[in-house]
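Notes to accompany the following structure.
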Amino acid sequence: MGKLFHEFAVVIMAAIIISGIVSLSLTPMLCSRFLKPRENQNAFQRSSEKVFDGARDFYGWTLHGVIRHRFLTVLTFAGPWWPPFISMGWFQGLHSQPGHRATERHHRGSQDISFDGMVERQAEAAAVIQADPDIDAFVSSVGQGGGTSSGNQGRISIR
């Protein structure tokens, strides 16, 4: 497994290096070839440029205000919100039933087990689970689906 991760890391490093070379050489060259000056634009292009420039200017204006008033920004966004979230978490912790969540169990048989043999083993596990009075419901499956990929794997979702 470590060898696989090492090879994956080498591939990621190579991709980052190639991306850096492309972004520093090919992209500026293509921009100089394809991007045209703002003259000779039609009405739609001029109006969309005005919208984009207005959005950029509005963003710059709000960013300048946020940077100038940092403490007020922190109070505005963090101050009024954290007490309700803490109280909601506390309330949910008090009124939730412990152990009342779904769990999922995966089973794997030997490599030479048949699909019918795995179904029998899964049925045995389902019978044990069904005998437990604390379990509301469960779903049992064997084979493909739900993250399993072969006939020697089973899954039981318990609520």
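Ligands are numbered from 1 in the order shown, chains are lettered A, B, ... in the order of the structure tokens, and residues start at 1 in each chain.
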
Using DSSP on the backbone coordinates, identify all residues within chain A classified as strand (DSSP E or B); present the result as a PyMOL selection string.
-> chain A and resi 103-108+138-142+145+148+153-158

Where in chain A does DSSP assign helix (DSSP H, G or I), given as a count of residues only?
-> 99

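For the pair atom CA of Arg155 of chain A and atom CA of Val142 of chain A, the interatomic distance is 6.3 Å.
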
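Here atom CA of Ala137 of chain A and atom CA of Glu104 of chain A stand 12.0 Å from one another.
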
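Between atom CA of Val119 of chain A and atom CA of Ser141 of chain A the separation is 8.3 Å.
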